[in-house]
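The file query-v3.txt contains compact mmCIF, N, CA and C atoms:
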# COMPACT_ATOMS: atom_id res chain seq x y z
N MET E 4 25.08 29.49 -13.91
CA MET E 4 25.01 28.10 -13.45
C MET E 4 25.52 27.19 -14.57
N SER E 5 26.40 26.31 -14.25
CA SER E 5 26.93 25.42 -15.28
C SER E 5 25.95 24.26 -15.52
N GLU E 6 25.99 23.76 -16.74
CA GLU E 6 25.11 22.65 -17.11
C GLU E 6 25.78 21.36 -16.63
N ILE E 7 25.07 20.61 -15.83
CA ILE E 7 25.63 19.39 -15.27
C ILE E 7 24.87 18.20 -15.84
N ASP E 8 25.59 17.14 -16.13
CA ASP E 8 25.00 15.94 -16.69
C ASP E 8 23.90 15.42 -15.78
N PRO E 9 22.66 15.32 -16.27
CA PRO E 9 21.54 14.85 -15.44
C PRO E 9 21.78 13.43 -14.89
N ASN E 10 22.54 12.62 -15.63
CA ASN E 10 22.83 11.26 -15.13
C ASN E 10 23.71 11.32 -13.89
N LEU E 11 24.65 12.26 -13.87
CA LEU E 11 25.51 12.43 -12.70
C LEU E 11 24.66 12.88 -11.50
N LEU E 12 23.76 13.82 -11.74
CA LEU E 12 22.90 14.30 -10.65
C LEU E 12 22.05 13.15 -10.11
N ARG E 13 21.50 12.34 -11.02
CA ARG E 13 20.69 11.20 -10.59
C ARG E 13 21.53 10.19 -9.80
N ASP E 14 22.77 9.97 -10.25
CA ASP E 14 23.67 9.04 -9.55
C ASP E 14 23.95 9.52 -8.12
N ILE E 15 24.16 10.83 -7.95
CA ILE E 15 24.40 11.39 -6.61
C ILE E 15 23.19 11.12 -5.73
N ILE E 16 22.00 11.40 -6.25
CA ILE E 16 20.76 11.20 -5.48
C ILE E 16 20.59 9.73 -5.12
N MET E 17 20.79 8.84 -6.09
CA MET E 17 20.60 7.40 -5.82
C MET E 17 21.64 6.87 -4.83
N ASP E 18 22.86 7.37 -4.90
CA ASP E 18 23.90 6.94 -3.97
C ASP E 18 23.51 7.32 -2.53
N HIS E 19 23.04 8.54 -2.36
CA HIS E 19 22.66 8.99 -1.01
C HIS E 19 21.34 8.34 -0.54
N TYR E 20 20.50 7.91 -1.48
CA TYR E 20 19.27 7.22 -1.10
C TYR E 20 19.59 5.78 -0.68
N GLN E 21 20.42 5.11 -1.47
CA GLN E 21 20.74 3.71 -1.18
C GLN E 21 21.70 3.55 0.00
N TYR E 22 22.58 4.53 0.16
CA TYR E 22 23.57 4.49 1.24
C TYR E 22 23.55 5.82 1.99
N PRO E 23 22.44 6.12 2.67
CA PRO E 23 22.36 7.43 3.33
C PRO E 23 23.42 7.58 4.43
N ARG E 24 24.04 8.76 4.46
CA ARG E 24 25.05 9.05 5.48
C ARG E 24 24.35 9.52 6.75
N ASN E 25 24.95 9.24 7.89
CA ASN E 25 24.45 9.72 9.19
C ASN E 25 23.00 9.33 9.44
N HIS E 26 22.65 8.14 8.98
CA HIS E 26 21.25 7.69 9.01
C HIS E 26 20.98 6.80 10.22
N GLN E 27 21.17 7.37 11.39
CA GLN E 27 20.87 6.66 12.62
C GLN E 27 20.80 7.70 13.72
N LEU E 28 19.76 7.63 14.52
CA LEU E 28 19.61 8.61 15.59
C LEU E 28 20.51 8.24 16.76
N SER E 29 20.91 9.26 17.50
CA SER E 29 21.73 9.05 18.69
C SER E 29 20.86 9.04 19.93
N GLU E 30 21.26 8.27 20.92
CA GLU E 30 20.55 8.24 22.19
C GLU E 30 21.09 9.32 23.13
N GLU E 31 22.20 9.95 22.73
CA GLU E 31 22.87 10.94 23.56
C GLU E 31 21.97 12.15 23.81
N PRO E 32 21.83 12.56 25.08
CA PRO E 32 20.94 13.69 25.39
C PRO E 32 21.46 15.05 24.89
N SER E 33 22.72 15.11 24.46
CA SER E 33 23.27 16.38 23.98
C SER E 33 22.78 16.76 22.57
N TYR E 34 22.05 15.85 21.93
CA TYR E 34 21.50 16.14 20.60
C TYR E 34 20.14 16.82 20.72
N GLN E 35 19.91 17.80 19.86
CA GLN E 35 18.57 18.38 19.73
C GLN E 35 17.87 17.60 18.62
N SER E 36 16.58 17.40 18.76
CA SER E 36 15.82 16.65 17.75
C SER E 36 14.66 17.46 17.24
N LYS E 37 14.34 17.22 15.97
CA LYS E 37 13.16 17.85 15.39
C LYS E 37 12.48 16.82 14.51
N HIS E 38 11.20 16.59 14.79
CA HIS E 38 10.41 15.65 14.00
C HIS E 38 9.71 16.42 12.90
N MET E 39 9.76 15.89 11.69
CA MET E 39 9.14 16.54 10.54
C MET E 39 8.31 15.49 9.79
N ALA E 40 7.10 15.87 9.41
CA ALA E 40 6.25 14.97 8.63
C ALA E 40 5.62 15.76 7.49
N SER E 41 5.42 15.08 6.40
CA SER E 41 4.83 15.72 5.21
C SER E 41 3.40 15.26 5.03
N GLU E 42 2.55 16.18 4.62
CA GLU E 42 1.16 15.79 4.33
C GLU E 42 1.05 15.18 2.94
N SER E 43 2.01 15.50 2.06
CA SER E 43 1.87 15.11 0.66
C SER E 43 2.73 13.91 0.26
N CYS E 44 3.48 13.36 1.21
CA CYS E 44 4.42 12.29 0.87
C CYS E 44 4.55 11.38 2.10
N ILE E 45 5.31 10.30 1.96
CA ILE E 45 5.51 9.38 3.10
C ILE E 45 6.49 9.94 4.12
N ASP E 46 7.12 11.06 3.80
CA ASP E 46 8.19 11.59 4.65
C ASP E 46 7.75 11.80 6.09
N ASP E 47 8.44 11.12 6.98
CA ASP E 47 8.20 11.23 8.41
C ASP E 47 9.55 10.97 9.08
N ILE E 48 10.30 12.04 9.28
CA ILE E 48 11.69 11.89 9.74
C ILE E 48 11.96 12.69 10.99
N THR E 49 13.00 12.27 11.68
CA THR E 49 13.53 13.03 12.80
C THR E 49 14.96 13.39 12.45
N VAL E 50 15.28 14.66 12.61
CA VAL E 50 16.63 15.14 12.36
C VAL E 50 17.21 15.53 13.71
N GLN E 51 18.46 15.17 13.94
CA GLN E 51 19.14 15.52 15.18
C GLN E 51 20.38 16.34 14.85
N VAL E 52 20.69 17.26 15.73
CA VAL E 52 21.92 18.02 15.58
C VAL E 52 22.58 18.15 16.94
N LYS E 53 23.91 18.07 16.92
CA LYS E 53 24.69 18.25 18.13
C LYS E 53 25.58 19.47 17.90
N PHE E 54 25.37 20.48 18.73
CA PHE E 54 26.17 21.71 18.63
C PHE E 54 27.31 21.65 19.64
N ASP E 55 28.45 22.16 19.22
CA ASP E 55 29.55 22.40 20.14
C ASP E 55 29.75 23.91 20.11
N GLN E 56 29.11 24.60 21.02
CA GLN E 56 29.00 26.05 21.04
C GLN E 56 28.46 26.53 19.69
N ASP E 57 29.32 27.17 18.87
CA ASP E 57 28.85 27.75 17.62
C ASP E 57 29.04 26.81 16.43
N ARG E 58 29.52 25.61 16.68
CA ARG E 58 29.84 24.68 15.60
C ARG E 58 28.87 23.50 15.59
N ILE E 59 28.59 23.01 14.39
CA ILE E 59 27.77 21.82 14.25
C ILE E 59 28.70 20.62 14.30
N GLU E 60 28.61 19.90 15.40
CA GLU E 60 29.50 18.76 15.58
C GLU E 60 28.98 17.54 14.82
N ASP E 61 27.66 17.37 14.81
CA ASP E 61 27.10 16.17 14.17
C ASP E 61 25.66 16.44 13.75
N VAL E 62 25.25 15.77 12.68
CA VAL E 62 23.85 15.79 12.23
C VAL E 62 23.48 14.36 11.87
N ARG E 63 22.33 13.92 12.35
CA ARG E 63 21.84 12.56 12.07
C ARG E 63 20.36 12.63 11.72
N PHE E 64 19.86 11.59 11.10
CA PHE E 64 18.43 11.54 10.81
C PHE E 64 17.99 10.11 10.65
N ASP E 65 16.69 9.91 10.81
CA ASP E 65 16.11 8.58 10.59
C ASP E 65 14.62 8.74 10.39
N GLY E 66 13.99 7.70 9.94
CA GLY E 66 12.56 7.72 9.72
C GLY E 66 12.23 7.17 8.35
N GLN E 67 10.99 7.31 7.96
CA GLN E 67 10.54 6.84 6.66
C GLN E 67 10.52 8.04 5.73
N ALA E 68 11.14 7.88 4.57
CA ALA E 68 11.21 9.02 3.65
C ALA E 68 11.40 8.54 2.22
N CYS E 69 10.94 9.35 1.29
CA CYS E 69 11.09 9.05 -0.13
C CYS E 69 12.54 9.25 -0.56
N THR E 70 12.82 8.92 -1.80
CA THR E 70 14.17 9.02 -2.35
C THR E 70 14.73 10.44 -2.22
N ILE E 71 13.95 11.42 -2.66
CA ILE E 71 14.42 12.82 -2.67
C ILE E 71 14.71 13.30 -1.24
N SER E 72 13.80 13.02 -0.35
CA SER E 72 13.93 13.46 1.04
C SER E 72 15.14 12.80 1.71
N THR E 73 15.29 11.50 1.55
CA THR E 73 16.41 10.77 2.15
C THR E 73 17.73 11.29 1.60
N ALA E 74 17.83 11.41 0.29
CA ALA E 74 19.08 11.84 -0.33
C ALA E 74 19.43 13.28 0.04
N SER E 75 18.44 14.17 0.03
CA SER E 75 18.75 15.58 0.33
C SER E 75 19.16 15.75 1.79
N THR E 76 18.53 15.01 2.70
CA THR E 76 18.88 15.11 4.11
C THR E 76 20.26 14.49 4.36
N SER E 77 20.56 13.40 3.66
CA SER E 77 21.87 12.77 3.77
C SER E 77 22.97 13.73 3.32
N ILE E 78 22.76 14.37 2.17
CA ILE E 78 23.74 15.32 1.64
C ILE E 78 23.89 16.50 2.60
N MET E 79 22.76 17.01 3.09
CA MET E 79 22.79 18.14 4.02
C MET E 79 23.60 17.78 5.26
N SER E 80 23.41 16.56 5.78
CA SER E 80 24.10 16.16 7.01
C SER E 80 25.62 16.13 6.80
N GLU E 81 26.06 15.74 5.62
CA GLU E 81 27.48 15.72 5.30
C GLU E 81 28.03 17.14 5.13
N LEU E 82 27.21 17.97 4.48
CA LEU E 82 27.64 19.32 4.09
C LEU E 82 27.87 20.24 5.29
N VAL E 83 27.06 20.11 6.32
CA VAL E 83 27.14 21.09 7.42
C VAL E 83 27.96 20.61 8.62
N LYS E 84 28.32 19.35 8.63
CA LYS E 84 29.09 18.83 9.75
C LYS E 84 30.44 19.53 9.85
N GLY E 85 30.75 20.03 11.05
CA GLY E 85 32.01 20.73 11.26
C GLY E 85 31.94 22.22 10.94
N LYS E 86 30.84 22.66 10.37
CA LYS E 86 30.69 24.08 10.02
C LYS E 86 30.16 24.87 11.22
N THR E 87 30.41 26.18 11.19
CA THR E 87 29.80 27.04 12.21
C THR E 87 28.33 27.21 11.84
N LYS E 88 27.54 27.68 12.80
CA LYS E 88 26.12 27.93 12.52
C LYS E 88 25.97 28.94 11.39
N GLU E 89 26.84 29.95 11.39
CA GLU E 89 26.78 30.98 10.34
C GLU E 89 27.07 30.36 8.96
N GLU E 90 28.09 29.51 8.89
CA GLU E 90 28.41 28.84 7.62
C GLU E 90 27.26 27.94 7.18
N ALA E 91 26.69 27.22 8.13
CA ALA E 91 25.56 26.34 7.81
C ALA E 91 24.36 27.15 7.32
N ASN E 92 24.08 28.27 7.96
CA ASN E 92 22.98 29.13 7.52
C ASN E 92 23.20 29.63 6.09
N GLU E 93 24.45 29.93 5.76
CA GLU E 93 24.78 30.39 4.41
C GLU E 93 24.53 29.27 3.39
N ILE E 94 24.91 28.05 3.73
CA ILE E 94 24.67 26.90 2.86
C ILE E 94 23.15 26.70 2.70
N ILE E 95 22.43 26.75 3.81
CA ILE E 95 20.97 26.57 3.78
C ILE E 95 20.31 27.66 2.92
N ARG E 96 20.74 28.91 3.09
CA ARG E 96 20.19 30.02 2.28
C ARG E 96 20.40 29.76 0.79
N ASN E 97 21.61 29.34 0.44
CA ASN E 97 21.91 29.06 -0.96
C ASN E 97 21.10 27.88 -1.49
N TYR E 98 20.92 26.87 -0.66
CA TYR E 98 20.12 25.70 -1.07
C TYR E 98 18.68 26.13 -1.38
N PHE E 99 18.08 26.92 -0.50
CA PHE E 99 16.71 27.37 -0.73
C PHE E 99 16.63 28.31 -1.94
N SER E 100 17.66 29.12 -2.18
CA SER E 100 17.70 29.95 -3.39
C SER E 100 17.71 29.07 -4.64
N MET E 101 18.51 28.01 -4.59
CA MET E 101 18.56 27.08 -5.73
C MET E 101 17.19 26.44 -5.96
N ILE E 102 16.57 25.95 -4.89
CA ILE E 102 15.25 25.32 -5.00
C ILE E 102 14.24 26.31 -5.58
N ASP E 103 14.35 27.58 -5.17
CA ASP E 103 13.45 28.63 -5.66
C ASP E 103 13.84 29.13 -7.05
N GLN E 104 14.81 28.46 -7.67
CA GLN E 104 15.27 28.83 -9.02
C GLN E 104 15.86 30.24 -9.07
N LYS E 105 16.50 30.64 -7.96
CA LYS E 105 17.16 31.95 -7.91
C LYS E 105 18.67 31.71 -7.97
N GLU E 106 19.43 32.79 -7.92
CA GLU E 106 20.90 32.67 -7.96
C GLU E 106 21.42 32.03 -6.68
N TYR E 107 22.46 31.21 -6.85
CA TYR E 107 23.08 30.56 -5.69
C TYR E 107 24.53 30.23 -6.01
N ASP E 108 25.28 29.93 -4.97
CA ASP E 108 26.70 29.57 -5.10
C ASP E 108 26.81 28.05 -5.14
N GLU E 109 27.00 27.52 -6.34
CA GLU E 109 27.02 26.05 -6.46
C GLU E 109 28.23 25.42 -5.79
N ASP E 110 29.34 26.16 -5.65
CA ASP E 110 30.51 25.62 -4.96
C ASP E 110 30.21 25.34 -3.49
N LEU E 111 29.40 26.21 -2.92
CA LEU E 111 29.02 26.07 -1.52
C LEU E 111 28.14 24.83 -1.30
N LEU E 112 27.37 24.47 -2.30
CA LEU E 112 26.40 23.39 -2.16
C LEU E 112 26.94 22.01 -2.48
N GLU E 113 28.08 21.94 -3.14
CA GLU E 113 28.71 20.66 -3.48
C GLU E 113 27.67 19.68 -4.05
N GLU E 114 27.49 18.50 -3.44
CA GLU E 114 26.58 17.50 -4.01
C GLU E 114 25.10 17.91 -3.95
N ALA E 115 24.77 18.88 -3.12
CA ALA E 115 23.37 19.32 -3.02
C ALA E 115 22.86 19.92 -4.33
N ILE E 116 23.77 20.26 -5.26
CA ILE E 116 23.33 20.77 -6.56
C ILE E 116 22.57 19.69 -7.34
N ALA E 117 22.63 18.46 -6.87
CA ALA E 117 21.85 17.39 -7.51
C ALA E 117 20.36 17.71 -7.52
N PHE E 118 19.94 18.62 -6.64
CA PHE E 118 18.52 18.97 -6.53
C PHE E 118 18.19 20.28 -7.25
N GLN E 119 19.07 20.72 -8.16
CA GLN E 119 18.88 22.02 -8.82
C GLN E 119 17.60 22.12 -9.64
N ASN E 120 17.04 20.99 -10.07
CA ASN E 120 15.82 21.05 -10.89
C ASN E 120 14.55 20.76 -10.11
N VAL E 121 14.68 20.49 -8.82
CA VAL E 121 13.51 20.16 -8.00
C VAL E 121 12.49 21.29 -7.97
N GLY E 122 12.98 22.53 -8.01
CA GLY E 122 12.08 23.69 -7.97
C GLY E 122 11.09 23.73 -9.12
N LYS E 123 11.41 23.00 -10.19
CA LYS E 123 10.51 22.94 -11.35
C LYS E 123 9.40 21.92 -11.13
N GLN E 124 9.50 21.14 -10.07
CA GLN E 124 8.50 20.11 -9.76
C GLN E 124 7.91 20.44 -8.39
N ALA E 125 6.86 21.23 -8.38
CA ALA E 125 6.30 21.75 -7.13
C ALA E 125 6.01 20.65 -6.10
N ASN E 126 5.59 19.48 -6.57
CA ASN E 126 5.24 18.40 -5.64
C ASN E 126 6.46 17.77 -4.98
N ARG E 127 7.67 18.10 -5.43
CA ARG E 127 8.89 17.52 -4.84
C ARG E 127 9.63 18.51 -3.94
N ILE E 128 9.22 19.77 -3.95
CA ILE E 128 9.95 20.79 -3.18
C ILE E 128 9.98 20.45 -1.69
N ASN E 129 8.84 20.06 -1.13
CA ASN E 129 8.81 19.73 0.29
C ASN E 129 9.73 18.54 0.60
N CYS E 130 9.77 17.56 -0.30
CA CYS E 130 10.64 16.39 -0.10
C CYS E 130 12.11 16.82 -0.04
N ALA E 131 12.47 17.74 -0.92
CA ALA E 131 13.88 18.16 -1.02
C ALA E 131 14.27 19.13 0.08
N THR E 132 13.29 19.65 0.84
CA THR E 132 13.62 20.67 1.84
C THR E 132 13.28 20.27 3.27
N ILE E 133 12.60 19.16 3.48
CA ILE E 133 12.10 18.81 4.82
C ILE E 133 13.23 18.70 5.85
N GLY E 134 14.32 18.01 5.51
CA GLY E 134 15.44 17.88 6.44
C GLY E 134 16.17 19.20 6.64
N TRP E 135 16.26 19.98 5.58
CA TRP E 135 16.91 21.29 5.63
C TRP E 135 16.15 22.24 6.54
N LYS E 136 14.81 22.19 6.47
CA LYS E 136 13.98 23.04 7.32
C LYS E 136 14.18 22.68 8.79
N ALA E 137 14.29 21.38 9.07
CA ALA E 137 14.50 20.93 10.45
C ALA E 137 15.80 21.50 11.00
N LEU E 138 16.87 21.41 10.22
CA LEU E 138 18.16 21.94 10.66
C LEU E 138 18.09 23.45 10.84
N ARG E 139 17.50 24.14 9.86
CA ARG E 139 17.37 25.60 9.93
C ARG E 139 16.64 26.01 11.21
N ASP E 140 15.56 25.30 11.54
CA ASP E 140 14.79 25.59 12.75
C ASP E 140 15.62 25.36 14.01
N MET E 141 16.38 24.26 14.05
CA MET E 141 17.17 23.95 15.25
C MET E 141 18.31 24.95 15.44
N ILE E 142 18.90 25.42 14.35
CA ILE E 142 19.93 26.45 14.46
C ILE E 142 19.31 27.72 15.04
N LYS E 143 18.15 28.10 14.49
CA LYS E 143 17.45 29.29 14.95
C LYS E 143 17.11 29.19 16.45
N GLU E 144 16.58 28.02 16.84
CA GLU E 144 16.22 27.78 18.26
C GLU E 144 17.45 27.85 19.15
N SER E 145 18.57 27.30 18.68
CA SER E 145 19.78 27.27 19.50
C SER E 145 20.33 28.69 19.71
N GLU E 146 20.10 29.56 18.74
CA GLU E 146 20.59 30.93 18.85
C GLU E 146 19.65 31.78 19.71
N GLY E 147 18.41 31.32 19.86
CA GLY E 147 17.43 32.05 20.66
C GLY E 147 17.55 31.77 22.14
N LYS E 148 18.37 30.76 22.49
CA LYS E 148 18.47 30.38 23.91
C LYS E 148 19.37 31.31 24.67

Target encoding structure tokens, full file:
Amino acid sequence: MSEIDPNLLRDIIMDHYQYPRNHQLSEEPSYQSKHMASESCIDDITVQVKFDQDRIEDVRFDGQACTISTASTSIMSELVKGKTKEEANEIIRNYFSMIDQKEYDEDLLEEAIAFQNVGKQANRINCATIGWKALRDMIKESEGK
């Protein structure tokens, strides 16, 4: 793992917190939704995904969330858009490996590497993974249908 300037990582997180991407829910019935709430933080978000067969056409989210949760969900929504479910699952697997302080492919994670040190702060892990868990669950549910 390469050493990345902590200021750059903080800038990525703050940019996605202040200007979250895909931060509006759709009224379209073709979206699947998953509501997620945290017991340990203010996080209370809904994540939506629109599948086009095996591809993720769109991901959106909204709700009340802390900096880490908002930024990580924003980055995730950008990262998986246009990817196949298999590609998205691979990105999600690598993200959780990074959070767990295990080996991961940082090229695959792009800006999500901003959360590489979250695993060292147990109280922030749920914040950094809440939106990712929602997407992972919806992909799993879509494949079970």

Dump as a list in words all residues having an atom at most 8 Å from (18.4, 12.5, 1.9), computed in the file's coordinates with all atoms listed in the file.
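Those residues lying close to the given coordinates are Ile16, His19, Tyr20, Pro23, Arg24, Cys69, Thr70, Ile71, Ser72, Thr73, Ala74, Ser75, Thr76, Ser77, Ile78, Met79, Ser80, Cys130, Ala131 and Gly134 of chain E.
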
In Å and to one decimal, CA of Phe64 in chain E is distant from CA of Ile15 in chain E by 18.4 Å

Quick one: of E:Ile59, E:His38, E:Glu109, E:Asp103, who's nearest to Gly122 in chain E, counting all atoms listed in the file?
E:Asp103

In terms of the shortest atom-to-atom distance over only C-alpha atoms, which of E:Gln67, E:Ser33, E:Asn126, E:Asn25 is closest to Ile45 in chain E?
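So, comparing all the options, the nearest one is E:Gln67.
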
Interatomic distance, CA of Ile7 in chain E to CA of Val62 in chain E (Å, one decimal):
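These atoms are spaced 27.8 Å apart.
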
For range 78-88 of chain E, where the input has fewer atoms than it should, I would like all heavy atoms rebuilt and written as a PDB file, in the coordinates of the input.
ATOM      1  N   ILE E  78      22.760  14.370   2.170  1.00  0.00           N
ATOM      2  CA  ILE E  78      23.740  15.320   1.640  1.00  0.00           C
ATOM      3  C   ILE E  78      23.890  16.500   2.600  1.00  0.00           C
ATOM      4  O   ILE E  78      25.005  16.937   2.901  1.00  0.00           O
ATOM      5  CB  ILE E  78      23.353  15.785   0.220  1.00  0.00           C
ATOM      6  CG1 ILE E  78      23.554  14.624  -0.773  1.00  0.00           C
ATOM      7  CG2 ILE E  78      24.166  17.011  -0.204  1.00  0.00           C
ATOM      8  CD1 ILE E  78      22.981  14.866  -2.164  1.00  0.00           C
ATOM      9  N   MET E  79      22.760  17.010   3.090  1.00  0.00           N
ATOM     10  CA  MET E  79      22.790  18.140   4.020  1.00  0.00           C
ATOM     11  C   MET E  79      23.600  17.780   5.260  1.00  0.00           C
ATOM     12  O   MET E  79      24.418  18.557   5.738  1.00  0.00           O
ATOM     13  CB  MET E  79      21.345  18.522   4.392  1.00  0.00           C
ATOM     14  CG  MET E  79      21.189  19.658   5.384  1.00  0.00           C
ATOM     15  SD  MET E  79      21.081  19.146   7.108  1.00  0.00           S
ATOM     16  CE  MET E  79      19.636  18.132   7.174  1.00  0.00           C
ATOM     17  N   SER E  80      23.410  16.560   5.780  1.00  0.00           N
ATOM     18  CA  SER E  80      24.100  16.160   7.010  1.00  0.00           C
ATOM     19  C   SER E  80      25.620  16.130   6.800  1.00  0.00           C
ATOM     20  O   SER E  80      26.379  16.491   7.692  1.00  0.00           O
ATOM     21  CB  SER E  80      23.597  14.797   7.503  1.00  0.00           C
ATOM     22  OG  SER E  80      24.041  13.745   6.670  1.00  0.00           O
ATOM     23  N   GLU E  81      26.060  15.740   5.620  1.00  0.00           N
ATOM     24  CA  GLU E  81      27.480  15.720   5.300  1.00  0.00           C
ATOM     25  C   GLU E  81      28.030  17.140   5.130  1.00  0.00           C
ATOM     26  O   GLU E  81      29.134  17.451   5.544  1.00  0.00           O
ATOM     27  CB  GLU E  81      27.706  14.981   3.968  1.00  0.00           C
ATOM     28  CG  GLU E  81      27.398  13.523   4.021  1.00  0.00           C
ATOM     29  CD  GLU E  81      28.654  12.709   4.235  1.00  0.00           C
ATOM     30  OE1 GLU E  81      29.348  12.431   3.254  1.00  0.00           O
ATOM     31  OE2 GLU E  81      28.936  12.375   5.398  1.00  0.00           O
ATOM     32  N   LEU E  82      27.210  17.970   4.480  1.00  0.00           N
ATOM     33  CA  LEU E  82      27.640  19.320   4.090  1.00  0.00           C
ATOM     34  C   LEU E  82      27.870  20.240   5.290  1.00  0.00           C
ATOM     35  O   LEU E  82      28.789  21.048   5.264  1.00  0.00           O
ATOM     36  CB  LEU E  82      26.533  19.908   3.206  1.00  0.00           C
ATOM     37  CG  LEU E  82      26.873  20.839   2.074  1.00  0.00           C
ATOM     38  CD1 LEU E  82      28.025  20.317   1.235  1.00  0.00           C
ATOM     39  CD2 LEU E  82      25.654  21.071   1.211  1.00  0.00           C
ATOM     40  N   VAL E  83      27.060  20.110   6.320  1.00  0.00           N
ATOM     41  CA  VAL E  83      27.140  21.090   7.420  1.00  0.00           C
ATOM     42  C   VAL E  83      27.960  20.610   8.620  1.00  0.00           C
ATOM     43  O   VAL E  83      28.279  21.393   9.500  1.00  0.00           O
ATOM     44  CB  VAL E  83      25.727  21.520   7.913  1.00  0.00           C
ATOM     45  CG1 VAL E  83      24.949  22.183   6.788  1.00  0.00           C
ATOM     46  CG2 VAL E  83      24.971  20.357   8.509  1.00  0.00           C
ATOM     47  N   LYS E  84      28.320  19.350   8.630  1.00  0.00           N
ATOM     48  CA  LYS E  84      29.090  18.830   9.750  1.00  0.00           C
ATOM     49  C   LYS E  84      30.440  19.530   9.850  1.00  0.00           C
ATOM     50  O   LYS E  84      31.152  19.651   8.863  1.00  0.00           O
ATOM     51  CB  LYS E  84      29.302  17.318   9.574  1.00  0.00           C
ATOM     52  CG  LYS E  84      29.431  16.581  10.884  1.00  0.00           C
ATOM     53  CD  LYS E  84      29.697  15.119  10.675  1.00  0.00           C
ATOM     54  CE  LYS E  84      28.413  14.360  10.486  1.00  0.00           C
ATOM     55  NZ  LYS E  84      28.604  12.921  10.627  1.00  0.00           N
ATOM     56  N   GLY E  85      30.750  20.030  11.050  1.00  0.00           N
ATOM     57  CA  GLY E  85      32.010  20.730  11.260  1.00  0.00           C
ATOM     58  C   GLY E  85      31.940  22.220  10.940  1.00  0.00           C
ATOM     59  O   GLY E  85      32.887  22.958  11.212  1.00  0.00           O
ATOM     60  N   LYS E  86      30.840  22.660  10.370  1.00  0.00           N
ATOM     61  CA  LYS E  86      30.690  24.080  10.020  1.00  0.00           C
ATOM     62  C   LYS E  86      30.160  24.870  11.220  1.00  0.00           C
ATOM     63  O   LYS E  86      29.535  24.313  12.110  1.00  0.00           O
ATOM     64  CB  LYS E  86      29.699  24.244   8.858  1.00  0.00           C
ATOM     65  CG  LYS E  86      30.051  23.495   7.591  1.00  0.00           C
ATOM     66  CD  LYS E  86      31.030  24.268   6.746  1.00  0.00           C
ATOM     67  CE  LYS E  86      31.206  23.777   5.338  1.00  0.00           C
ATOM     68  NZ  LYS E  86      31.717  22.454   5.132  1.00  0.00           N
ATOM     69  N   THR E  87      30.410  26.180  11.190  1.00  0.00           N
ATOM     70  CA  THR E  87      29.800  27.040  12.210  1.00  0.00           C
ATOM     71  C   THR E  87      28.330  27.210  11.840  1.00  0.00           C
ATOM     72  O   THR E  87      27.922  26.935  10.702  1.00  0.00           O
ATOM     73  CB  THR E  87      30.452  28.437  12.244  1.00  0.00           C
ATOM     74  OG1 THR E  87      30.213  29.086  10.990  1.00  0.00           O
ATOM     75  CG2 THR E  87      31.948  28.352  12.533  1.00  0.00           C
ATOM     76  N   LYS E  88      27.540  27.680  12.800  1.00  0.00           N
ATOM     77  CA  LYS E  88      26.120  27.930  12.520  1.00  0.00           C
ATOM     78  C   LYS E  88      25.970  28.940  11.390  1.00  0.00           C
ATOM     79  O   LYS E  88      25.097  28.798  10.534  1.00  0.00           O
ATOM     80  CB  LYS E  88      25.406  28.437  13.779  1.00  0.00           C
ATOM     81  CG  LYS E  88      25.290  27.380  14.857  1.00  0.00           C
ATOM     82  CD  LYS E  88      24.681  27.967  16.115  1.00  0.00           C
ATOM     83  CE  LYS E  88      24.720  26.987  17.270  1.00  0.00           C
ATOM     84  NZ  LYS E  88      24.199  27.585  18.505  1.00  0.00           N
TER      85      LYS E  88
END
